Each structure stands twice: as C-alpha cells, then as structure tokens.
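Next up, input.txt (compact mmCIF, N, CA and C atoms):
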```
# COMPACT_ATOMS: atom_id res chain seq x y z
N MET B 29 -12.31 -3.28 -42.23
CA MET B 29 -12.03 -3.60 -43.61
C MET B 29 -11.01 -2.61 -44.16
N ARG B 30 -10.00 -3.12 -44.78
CA ARG B 30 -8.93 -2.27 -45.28
C ARG B 30 -9.22 -1.87 -46.73
N ILE B 31 -9.06 -0.58 -47.00
CA ILE B 31 -9.30 -0.07 -48.34
C ILE B 31 -7.95 0.02 -49.04
N ARG B 32 -7.86 -0.64 -50.18
CA ARG B 32 -6.61 -0.61 -50.96
C ARG B 32 -6.89 -0.15 -52.36
N ARG B 33 -6.04 0.75 -52.81
CA ARG B 33 -6.10 1.16 -54.21
C ARG B 33 -4.81 0.70 -54.86
N VAL B 34 -4.92 0.16 -56.04
CA VAL B 34 -3.75 -0.40 -56.69
C VAL B 34 -3.09 0.57 -57.66
N ARG B 35 -3.86 1.41 -58.28
CA ARG B 35 -3.31 2.35 -59.26
C ARG B 35 -2.78 3.58 -58.54
N TYR B 36 -1.48 3.79 -58.63
CA TYR B 36 -0.89 4.96 -57.98
C TYR B 36 -0.97 6.20 -58.86
N LEU B 37 -1.03 6.02 -60.16
CA LEU B 37 -1.15 7.17 -61.06
C LEU B 37 -2.59 7.27 -61.55
N VAL B 38 -3.44 7.89 -60.76
CA VAL B 38 -4.84 8.03 -61.14
C VAL B 38 -5.06 9.30 -61.95
N ASN B 39 -4.23 10.29 -61.77
CA ASN B 39 -4.26 11.51 -62.57
C ASN B 39 -2.82 11.80 -62.99
N LYS B 40 -2.41 11.16 -64.07
CA LYS B 40 -1.00 11.20 -64.48
C LYS B 40 -0.49 12.61 -64.69
N ARG B 41 -1.29 13.44 -65.33
CA ARG B 41 -0.84 14.80 -65.63
C ARG B 41 -0.49 15.56 -64.36
N MET B 42 -1.39 15.52 -63.38
CA MET B 42 -1.15 16.25 -62.14
C MET B 42 -0.01 15.63 -61.34
N GLN B 43 -0.02 14.31 -61.21
CA GLN B 43 0.98 13.65 -60.38
C GLN B 43 2.37 13.75 -60.99
N LEU B 44 2.49 13.56 -62.29
CA LEU B 44 3.81 13.67 -62.92
C LEU B 44 4.27 15.12 -62.98
N GLY B 45 3.34 16.05 -63.09
CA GLY B 45 3.69 17.47 -63.01
C GLY B 45 4.26 17.82 -61.65
N PHE B 46 3.61 17.30 -60.61
CA PHE B 46 4.10 17.50 -59.23
C PHE B 46 5.50 16.90 -59.09
N THR B 47 5.69 15.70 -59.64
CA THR B 47 6.99 15.04 -59.59
C THR B 47 8.05 15.86 -60.32
N GLY B 48 7.70 16.39 -61.47
CA GLY B 48 8.63 17.22 -62.24
C GLY B 48 9.05 18.46 -61.49
N ILE B 49 8.11 19.08 -60.80
CA ILE B 49 8.43 20.28 -60.02
C ILE B 49 9.39 19.93 -58.89
N ILE B 50 9.14 18.83 -58.21
CA ILE B 50 10.02 18.41 -57.11
C ILE B 50 11.43 18.12 -57.63
N ILE B 51 11.52 17.41 -58.76
CA ILE B 51 12.84 17.11 -59.34
C ILE B 51 13.55 18.39 -59.76
N PHE B 52 12.81 19.31 -60.38
CA PHE B 52 13.40 20.59 -60.79
C PHE B 52 14.00 21.32 -59.60
N PHE B 53 13.25 21.42 -58.51
CA PHE B 53 13.77 22.12 -57.33
C PHE B 53 14.96 21.39 -56.71
N ALA B 54 14.93 20.07 -56.71
CA ALA B 54 16.07 19.31 -56.18
C ALA B 54 17.33 19.58 -57.02
N LEU B 55 17.18 19.56 -58.33
CA LEU B 55 18.32 19.84 -59.21
C LEU B 55 18.79 21.28 -59.07
N PHE B 56 17.84 22.19 -58.92
CA PHE B 56 18.19 23.60 -58.75
C PHE B 56 18.99 23.81 -57.47
N ILE B 57 18.56 23.18 -56.40
CA ILE B 57 19.28 23.31 -55.13
C ILE B 57 20.67 22.70 -55.25
N GLY B 58 20.78 21.55 -55.92
CA GLY B 58 22.09 20.94 -56.14
C GLY B 58 23.00 21.85 -56.94
N PHE B 59 22.47 22.47 -57.97
CA PHE B 59 23.26 23.39 -58.79
C PHE B 59 23.70 24.59 -57.97
N GLU B 60 22.80 25.13 -57.15
CA GLU B 60 23.14 26.27 -56.30
C GLU B 60 24.26 25.92 -55.31
N VAL B 61 24.19 24.73 -54.75
CA VAL B 61 25.25 24.29 -53.83
C VAL B 61 26.57 24.20 -54.58
N TYR B 62 26.54 23.66 -55.79
CA TYR B 62 27.76 23.52 -56.59
C TYR B 62 28.38 24.88 -56.90
N ILE B 63 27.56 25.82 -57.40
CA ILE B 63 28.14 27.11 -57.78
C ILE B 63 28.53 27.95 -56.56
N THR B 64 28.02 27.59 -55.41
CA THR B 64 28.41 28.29 -54.19
C THR B 64 29.72 27.73 -53.64
N ILE B 65 29.84 26.41 -53.64
CA ILE B 65 31.00 25.77 -53.02
C ILE B 65 32.21 25.69 -53.96
N TRP B 66 31.98 25.45 -55.25
CA TRP B 66 33.11 25.21 -56.16
C TRP B 66 34.12 26.36 -56.21
N PRO B 67 33.71 27.62 -56.31
CA PRO B 67 34.72 28.69 -56.35
C PRO B 67 35.60 28.71 -55.10
N VAL B 68 35.01 28.43 -53.96
CA VAL B 68 35.78 28.42 -52.71
C VAL B 68 36.70 27.21 -52.67
N ALA B 69 36.18 26.04 -52.99
CA ALA B 69 36.98 24.81 -52.94
C ALA B 69 38.09 24.84 -53.99
N SER B 70 37.81 25.35 -55.18
CA SER B 70 38.82 25.33 -56.24
C SER B 70 39.99 26.25 -55.92
N ALA B 71 39.79 27.23 -55.05
CA ALA B 71 40.88 28.12 -54.67
C ALA B 71 41.95 27.38 -53.87
N TYR B 72 41.58 26.28 -53.22
CA TYR B 72 42.51 25.53 -52.39
C TYR B 72 43.06 24.28 -53.08
N ILE B 73 42.67 24.05 -54.32
CA ILE B 73 43.12 22.87 -55.05
C ILE B 73 44.19 23.30 -56.05
N SER B 74 45.26 22.55 -56.10
CA SER B 74 46.34 22.89 -57.02
C SER B 74 45.89 22.72 -58.47
N ASP B 75 46.54 23.43 -59.38
CA ASP B 75 46.18 23.37 -60.79
C ASP B 75 46.33 21.97 -61.37
N GLN B 76 47.27 21.20 -60.82
CA GLN B 76 47.49 19.84 -61.33
C GLN B 76 46.33 18.92 -60.97
N LEU B 77 45.68 19.17 -59.86
CA LEU B 77 44.59 18.30 -59.41
C LEU B 77 43.20 18.76 -59.84
N ILE B 78 43.09 19.98 -60.33
CA ILE B 78 41.77 20.56 -60.56
C ILE B 78 40.93 19.75 -61.55
N GLU B 79 41.52 19.27 -62.65
CA GLU B 79 40.76 18.47 -63.62
C GLU B 79 40.35 17.13 -63.02
N HIS B 80 41.22 16.51 -62.25
CA HIS B 80 40.88 15.24 -61.61
C HIS B 80 39.71 15.44 -60.63
N VAL B 81 39.75 16.51 -59.87
CA VAL B 81 38.69 16.80 -58.90
C VAL B 81 37.38 17.08 -59.63
N ARG B 82 37.43 17.86 -60.71
CA ARG B 82 36.20 18.13 -61.49
C ARG B 82 35.60 16.83 -62.02
N HIS B 83 36.46 15.95 -62.53
CA HIS B 83 35.98 14.67 -63.05
C HIS B 83 35.34 13.84 -61.94
N GLN B 84 35.96 13.80 -60.79
CA GLN B 84 35.43 13.04 -59.66
C GLN B 84 34.09 13.61 -59.19
N ILE B 85 34.00 14.92 -59.15
CA ILE B 85 32.74 15.55 -58.75
C ILE B 85 31.65 15.21 -59.75
N PHE B 86 31.96 15.27 -61.04
CA PHE B 86 30.98 14.95 -62.07
C PHE B 86 30.52 13.50 -61.96
N VAL B 87 31.46 12.57 -61.85
CA VAL B 87 31.11 11.14 -61.77
C VAL B 87 30.28 10.87 -60.53
N ARG B 88 30.68 11.38 -59.40
CA ARG B 88 29.94 11.14 -58.16
C ARG B 88 28.56 11.80 -58.19
N THR B 89 28.47 12.95 -58.82
CA THR B 89 27.17 13.62 -58.94
C THR B 89 26.22 12.79 -59.78
N VAL B 90 26.70 12.29 -60.92
CA VAL B 90 25.84 11.48 -61.78
C VAL B 90 25.44 10.19 -61.07
N LEU B 91 26.39 9.54 -60.41
CA LEU B 91 26.08 8.29 -59.70
C LEU B 91 25.11 8.51 -58.55
N PHE B 92 25.19 9.66 -57.93
CA PHE B 92 24.28 9.98 -56.82
C PHE B 92 22.94 10.48 -57.36
N LEU B 93 22.97 11.15 -58.50
CA LEU B 93 21.77 11.76 -59.05
C LEU B 93 20.74 10.73 -59.50
N ILE B 94 21.18 9.67 -60.13
CA ILE B 94 20.24 8.67 -60.67
C ILE B 94 19.40 8.04 -59.56
N PRO B 95 20.00 7.48 -58.50
CA PRO B 95 19.13 6.91 -57.45
C PRO B 95 18.31 7.98 -56.73
N THR B 96 18.86 9.17 -56.59
CA THR B 96 18.12 10.24 -55.92
C THR B 96 16.87 10.62 -56.70
N VAL B 97 17.00 10.74 -58.01
CA VAL B 97 15.84 11.07 -58.84
C VAL B 97 14.81 9.95 -58.76
N LEU B 98 15.25 8.70 -58.77
CA LEU B 98 14.30 7.58 -58.66
C LEU B 98 13.56 7.60 -57.33
N VAL B 99 14.27 7.91 -56.25
CA VAL B 99 13.64 7.99 -54.93
C VAL B 99 12.66 9.17 -54.90
N ILE B 100 13.05 10.30 -55.48
CA ILE B 100 12.16 11.47 -55.52
C ILE B 100 10.90 11.13 -56.30
N ILE B 101 11.05 10.45 -57.44
CA ILE B 101 9.88 10.06 -58.23
C ILE B 101 8.96 9.16 -57.40
N GLY B 102 9.54 8.16 -56.74
CA GLY B 102 8.73 7.25 -55.92
C GLY B 102 7.98 7.97 -54.82
N PHE B 103 8.68 8.78 -54.05
CA PHE B 103 8.04 9.50 -52.95
C PHE B 103 6.99 10.48 -53.45
N SER B 104 7.29 11.20 -54.51
CA SER B 104 6.32 12.20 -54.97
C SER B 104 5.07 11.55 -55.53
N VAL B 105 5.20 10.39 -56.17
CA VAL B 105 4.01 9.70 -56.68
C VAL B 105 3.17 9.20 -55.50
N VAL B 106 3.82 8.62 -54.50
CA VAL B 106 3.08 8.11 -53.34
C VAL B 106 2.41 9.27 -52.57
N ILE B 107 3.15 10.34 -52.35
CA ILE B 107 2.60 11.47 -51.61
C ILE B 107 1.46 12.13 -52.38
N SER B 108 1.66 12.32 -53.69
CA SER B 108 0.58 12.94 -54.48
C SER B 108 -0.63 12.02 -54.57
N HIS B 109 -0.40 10.71 -54.50
CA HIS B 109 -1.52 9.77 -54.55
C HIS B 109 -2.43 9.90 -53.34
N ARG B 110 -1.86 10.32 -52.23
CA ARG B 110 -2.67 10.50 -51.02
C ARG B 110 -3.66 11.65 -51.16
N VAL B 111 -3.41 12.53 -52.12
CA VAL B 111 -4.34 13.62 -52.40
C VAL B 111 -5.17 13.30 -53.63
N VAL B 112 -4.50 12.90 -54.71
CA VAL B 112 -5.18 12.68 -55.98
C VAL B 112 -6.09 11.45 -55.94
N GLY B 113 -5.67 10.39 -55.27
CA GLY B 113 -6.48 9.18 -55.19
C GLY B 113 -7.86 9.43 -54.60
N PRO B 114 -7.94 10.06 -53.42
CA PRO B 114 -9.26 10.35 -52.85
C PRO B 114 -10.08 11.32 -53.71
N LEU B 115 -9.41 12.31 -54.32
CA LEU B 115 -10.14 13.24 -55.18
C LEU B 115 -10.73 12.51 -56.39
N TYR B 116 -10.00 11.56 -56.93
CA TYR B 116 -10.49 10.76 -58.04
C TYR B 116 -11.72 9.95 -57.61
N LEU B 117 -11.64 9.34 -56.43
CA LEU B 117 -12.77 8.57 -55.91
C LEU B 117 -13.99 9.47 -55.69
N ILE B 118 -13.77 10.64 -55.13
CA ILE B 118 -14.86 11.59 -54.89
C ILE B 118 -15.50 12.00 -56.22
N GLN B 119 -14.68 12.32 -57.20
CA GLN B 119 -15.18 12.73 -58.50
C GLN B 119 -16.01 11.62 -59.15
N ARG B 120 -15.51 10.40 -59.11
CA ARG B 120 -16.23 9.26 -59.70
C ARG B 120 -17.57 9.03 -58.99
N THR B 121 -17.55 9.15 -57.68
CA THR B 121 -18.78 8.92 -56.90
C THR B 121 -19.81 10.01 -57.18
N ILE B 122 -19.37 11.25 -57.25
CA ILE B 122 -20.29 12.34 -57.56
C ILE B 122 -20.87 12.16 -58.96
N ASP B 123 -20.05 11.73 -59.91
CA ASP B 123 -20.55 11.45 -61.26
C ASP B 123 -21.65 10.39 -61.22
N ASP B 124 -21.46 9.36 -60.39
CA ASP B 124 -22.48 8.31 -60.26
C ASP B 124 -23.77 8.87 -59.68
N VAL B 125 -23.67 9.74 -58.68
CA VAL B 125 -24.85 10.34 -58.07
C VAL B 125 -25.59 11.21 -59.08
N VAL B 126 -24.84 11.98 -59.86
CA VAL B 126 -25.44 12.85 -60.86
C VAL B 126 -26.22 12.02 -61.89
N GLN B 127 -25.70 10.83 -62.21
CA GLN B 127 -26.38 9.95 -63.17
C GLN B 127 -27.55 9.20 -62.54
N GLY B 128 -27.81 9.43 -61.26
CA GLY B 128 -28.97 8.85 -60.60
C GLY B 128 -28.72 7.50 -59.96
N GLU B 129 -27.48 7.05 -59.92
CA GLU B 129 -27.19 5.76 -59.31
C GLU B 129 -27.20 5.88 -57.79
N ASP B 130 -27.56 4.78 -57.15
CA ASP B 130 -27.51 4.72 -55.70
C ASP B 130 -26.08 4.35 -55.30
N VAL B 131 -25.42 5.21 -54.58
CA VAL B 131 -24.00 4.98 -54.26
C VAL B 131 -23.81 4.72 -52.78
N GLN B 132 -22.72 4.08 -52.47
CA GLN B 132 -22.32 3.86 -51.09
C GLN B 132 -21.62 5.12 -50.58
N TYR B 133 -21.53 5.25 -49.30
CA TYR B 133 -20.83 6.39 -48.73
C TYR B 133 -19.33 6.28 -49.03
N LEU B 134 -18.70 7.43 -49.13
CA LEU B 134 -17.26 7.47 -49.39
C LEU B 134 -16.50 7.00 -48.16
N ARG B 135 -15.55 6.12 -48.38
CA ARG B 135 -14.65 5.68 -47.31
C ARG B 135 -13.23 5.85 -47.81
N LEU B 136 -12.45 6.61 -47.08
CA LEU B 136 -11.08 6.86 -47.47
C LEU B 136 -10.12 6.10 -46.56
N ARG B 137 -8.89 6.00 -47.00
CA ARG B 137 -7.87 5.29 -46.23
C ARG B 137 -7.38 6.16 -45.07
N LYS B 138 -6.77 5.51 -44.09
CA LYS B 138 -6.25 6.24 -42.93
C LYS B 138 -5.18 7.25 -43.32
N LYS B 139 -4.36 6.90 -44.30
CA LYS B 139 -3.23 7.76 -44.65
C LYS B 139 -3.59 8.86 -45.65
N ASP B 140 -4.84 8.90 -46.09
CA ASP B 140 -5.23 9.97 -47.01
C ASP B 140 -5.23 11.30 -46.28
N ALA B 141 -5.10 12.37 -47.04
CA ALA B 141 -5.01 13.72 -46.47
C ALA B 141 -6.24 14.02 -45.60
N PRO B 142 -6.03 14.51 -44.37
CA PRO B 142 -7.15 14.77 -43.46
C PRO B 142 -8.14 15.81 -44.00
N GLU B 143 -7.66 16.78 -44.75
CA GLU B 143 -8.55 17.79 -45.32
C GLU B 143 -9.53 17.15 -46.29
N ILE B 144 -9.04 16.17 -47.05
CA ILE B 144 -9.90 15.49 -48.02
C ILE B 144 -10.86 14.56 -47.29
N LYS B 145 -10.43 14.00 -46.17
CA LYS B 145 -11.36 13.19 -45.37
C LYS B 145 -12.52 14.04 -44.87
N ASN B 146 -12.22 15.28 -44.45
CA ASN B 146 -13.28 16.19 -44.01
C ASN B 146 -14.24 16.49 -45.16
N LEU B 147 -13.69 16.71 -46.35
CA LEU B 147 -14.52 16.95 -47.53
C LEU B 147 -15.39 15.72 -47.82
N ALA B 148 -14.81 14.54 -47.73
CA ALA B 148 -15.57 13.30 -47.98
C ALA B 148 -16.71 13.16 -46.97
N ASN B 149 -16.47 13.51 -45.71
CA ASN B 149 -17.53 13.45 -44.70
C ASN B 149 -18.67 14.40 -45.04
N LYS B 150 -18.34 15.60 -45.51
CA LYS B 150 -19.38 16.56 -45.90
C LYS B 150 -20.15 16.04 -47.12
N ILE B 151 -19.44 15.42 -48.06
CA ILE B 151 -20.11 14.86 -49.23
C ILE B 151 -21.00 13.70 -48.81
N ASN B 152 -20.58 12.90 -47.84
CA ASN B 152 -21.43 11.82 -47.32
C ASN B 152 -22.70 12.39 -46.70
N ASP B 153 -22.57 13.51 -45.98
CA ASP B 153 -23.76 14.17 -45.43
C ASP B 153 -24.70 14.61 -46.55
N LEU B 154 -24.12 15.14 -47.62
CA LEU B 154 -24.92 15.55 -48.77
C LEU B 154 -25.61 14.35 -49.42
N PHE B 155 -24.90 13.23 -49.53
CA PHE B 155 -25.49 12.01 -50.09
C PHE B 155 -26.68 11.56 -49.24
N ALA B 156 -26.56 11.67 -47.93
CA ALA B 156 -27.66 11.27 -47.05
C ALA B 156 -28.89 12.13 -47.32
N VAL B 157 -28.68 13.43 -47.50
CA VAL B 157 -29.79 14.33 -47.80
C VAL B 157 -30.40 13.97 -49.16
N ILE B 158 -29.57 13.70 -50.14
CA ILE B 158 -30.07 13.34 -51.48
C ILE B 158 -30.88 12.04 -51.42
N LYS B 159 -30.39 11.05 -50.66
CA LYS B 159 -31.13 9.79 -50.52
C LYS B 159 -32.49 10.02 -49.89
N GLU B 160 -32.54 10.87 -48.86
CA GLU B 160 -33.82 11.18 -48.22
C GLU B 160 -34.76 11.89 -49.19
N LEU B 161 -34.23 12.81 -49.97
CA LEU B 161 -35.06 13.52 -50.94
C LEU B 161 -35.60 12.55 -52.00
N ARG B 162 -34.75 11.63 -52.44
CA ARG B 162 -35.19 10.64 -53.42
C ARG B 162 -36.28 9.74 -52.85
N LYS B 163 -36.10 9.33 -51.58
CA LYS B 163 -37.12 8.49 -50.93
C LYS B 163 -38.44 9.23 -50.82
N SER B 164 -38.38 10.48 -50.38
CA SER B 164 -39.62 11.25 -50.21
C SER B 164 -40.27 11.53 -51.56
N THR B 165 -39.48 11.73 -52.61
CA THR B 165 -40.03 11.93 -53.95
C THR B 165 -40.70 10.66 -54.45
N MET B 166 -40.06 9.52 -54.23
CA MET B 166 -40.65 8.23 -54.66
C MET B 166 -41.94 7.95 -53.89
N THR B 167 -41.94 8.25 -52.60
CA THR B 167 -43.12 8.01 -51.78
C THR B 167 -44.27 8.91 -52.25
N SER B 168 -43.99 10.17 -52.52
CA SER B 168 -45.05 11.07 -52.96
C SER B 168 -45.52 10.73 -54.37
N ASN B 169 -44.63 10.20 -55.22
CA ASN B 169 -45.03 9.77 -56.56
C ASN B 169 -45.92 8.53 -56.51
N ARG B 170 -45.65 7.62 -55.60
CA ARG B 170 -46.47 6.40 -55.45
C ARG B 170 -47.86 6.72 -54.93
N SER B 171 -47.93 7.68 -54.00
CA SER B 171 -49.23 7.99 -53.41
C SER B 171 -50.08 8.86 -54.34
N ALA B 172 -49.45 9.46 -55.36
CA ALA B 172 -50.23 10.32 -56.26
C ALA B 172 -50.92 9.57 -57.36
```
Spell out the structure here as structure tokens.
Amino acid sequence: MRIRRVRYLVNKRMQLGFTGIIIFFALFIGFEVYITIWPVASAYISDQLIEHVRHQIFVRTVLFLIPTVLVIIGFSVVISHRVVGPLYLIQRTIDDVVQGEDVQYLRLRKKDAPEIKNLANKINDLFAVIKELRKSTMTSNRSA
C-alpha cells in the first residue's frame, strides 16, 4: 500500500524559513562570483563596451534568477517535506495517544528521512508497550 501525503507545506514557518535560507545562500554565492569576476573581466573590456556588457549581465542575471529561484523553492519545499511531513505525522499520532485514542502504528514513506524512520520504529515499539499496559489495566479493572 502506497502512502501519499498531499500537503507539502505542513509546517509553513519551518519549511519557508528553510527555503529562505537556501535562496539567501544562492544569492550570496552569485553575488560573490560577480564581485570576484567583474573586476578582472572589466579590465579587458573597452570603455565603449563596458555599459553594454553591464546591461547584458544584468538582464541575463535577472532572466536566469527568476527560474532559478522558482526551482530552488520547489526543491527546498520537497526536500524539507521529507523531514517535516513525518515529524508532523509523529506529532499528531502522539497527541492522539496522549488523549487516550487507540492509534495505528506509524508508517512512513520510502523516501522519508531514514533517521526519522528509525524514530518512528522506536515510537511504534513504545505504542506496543502502551497498548499492552492498557490491556493489562483493563483486565485488572474488570477482575476487580
């Protein structure tokens, strides 16, 4: 059975913060490349062409920047969802257990972070212990 989650932004603050950090670093690296290369390149460009070259660099940067930022946003949301999605599911399930509901074991997707899968397995072990304790408590309450 395939597990599908439809909401990619389950924790908007964290996921969009992660996306913002990635975009900031991408822009920072681009700026660093520009200030590193431009002084060297401009030394070989004649004064008559320098404004044309600056304009071309600006236009090409903007045209390249827009799709790049969109791709970065897409990838960072998908990648962060592989961590945040399972954590959201774990949190919701633990809340249900705390409220006394009988819950199913946690099942994560294949592509979810392996560290979180290990955590989910440990939580499933804990759920099994809780279910046994509840059964033994109910049995002892009935016999009393």
- For Arg110 in chain B, which of B:Asp123, B:Glu79, B:Glu160, B:Glu143 is the closest residue, counting only C-alpha atoms? B:Glu143
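Among the candidates B:Ile107, B:Ile151, B:Leu77, B:Ala54, the residue lying nearest to Leu93 in chain B is B:Ala54 (atoms considered: only C-alpha atoms).
You will find atom N of Val111 in chain B at 18.8 Å from CA of Tyr133 in chain B.
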- Query: Which residues, written as JSON, numbers by chain, have at least one atom at most 8 Å from Ala148 in chain B, with only C-alpha atoms counted and residues fewer than 5 positions away on the same chain left out?
  - Reply: {"B": [118, 134, 135, 136]}
- For atom N of Pro142 in chain B and atom N of Val99 in chain B, determine how far apart the two atoms are, in Å to one decimal place. 24.4 Å
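Remark: for Gln132 in chain B, the closest of the candidate residues B:Met166, B:Ala156, B:Ile78, B:Ile50 is B:Ala156 (distances computed over only C-alpha atoms).
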- Query: What is the CA of Gln119 in chain B-CA of Ile51 in chain B distance in Å, reported with one decimal?
  - Reply: 28.4 Å
- In range 33-164 of chain B, DSSP helix (DSSP H, G or I) residues written as JSON, numbers by chain: {"B": [40, 41, 42, 43, 44, 45, 46, 47, 48, 49, 50, 51, 52, 53, 54, 55, 56, 57, 58, 59, 60, 61, 62, 63, 64, 65, 66, 67, 68, 69, 70, 75, 76, 77, 78, 79, 80, 81, 82, 83, 84, 85, 86, 87, 88, 89, 90, 91, 92, 93, 94, 95, 96, 97, 98, 99, 100, 101, 102, 103, 104, 105, 106, 107, 108, 109, 110, 111, 112, 113, 114, 115, 116, 117, 118, 119, 120, 121, 122, 123, 124, 125, 126, 142, 143, 144, 145, 146, 147, 148, 149, 150, 151, 152, 153, 154, 155, 156, 157, 158, 159, 160, 161, 162, 163, 164]}
- Counting only N, CA and C atoms, the residue of B:Ser108, B:Thr96, B:Thr64, B:Gln84 that sits nearest Gln43 in chain B: B:Ser108
What are the centre and edge lengths in Å, to one decimal, of the axis-aligned box around all listed atoms of range 107-114 of chain B with 6 Å added on each side, as lines of an AutoDock Vina configuration file?
```
center_x = -3.5
center_y = 11.4
center_z = -53.5
size_x = 25.2
size_y = 16.4
size_z = 17.0
```
- Query: With only C-alpha atoms as the basis for distance, which of B:Arg82, B:Asp124, B:Ile57, B:Ile100 is at the shortest distance from Ala69 in chain B?
  - Reply: B:Arg82
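Once all atoms listed in the file are considered, the residues situated within 7 Å of the file point (-8.6, 9.9, -50.1) turn out to be His109, Arg110, Val111, Val112, Gly113, Pro114, Leu115, Arg135, Leu136, Arg137, Lys139, Asp140, Ala141, Ile144 and Lys145 of chain B.
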- Message: Taking only N, CA and C atoms into account, name the residue in B:Val105, B:Val87, B:Val131, B:Leu154 that is nearest to Thr47 in chain B.
- Response: B:Val105
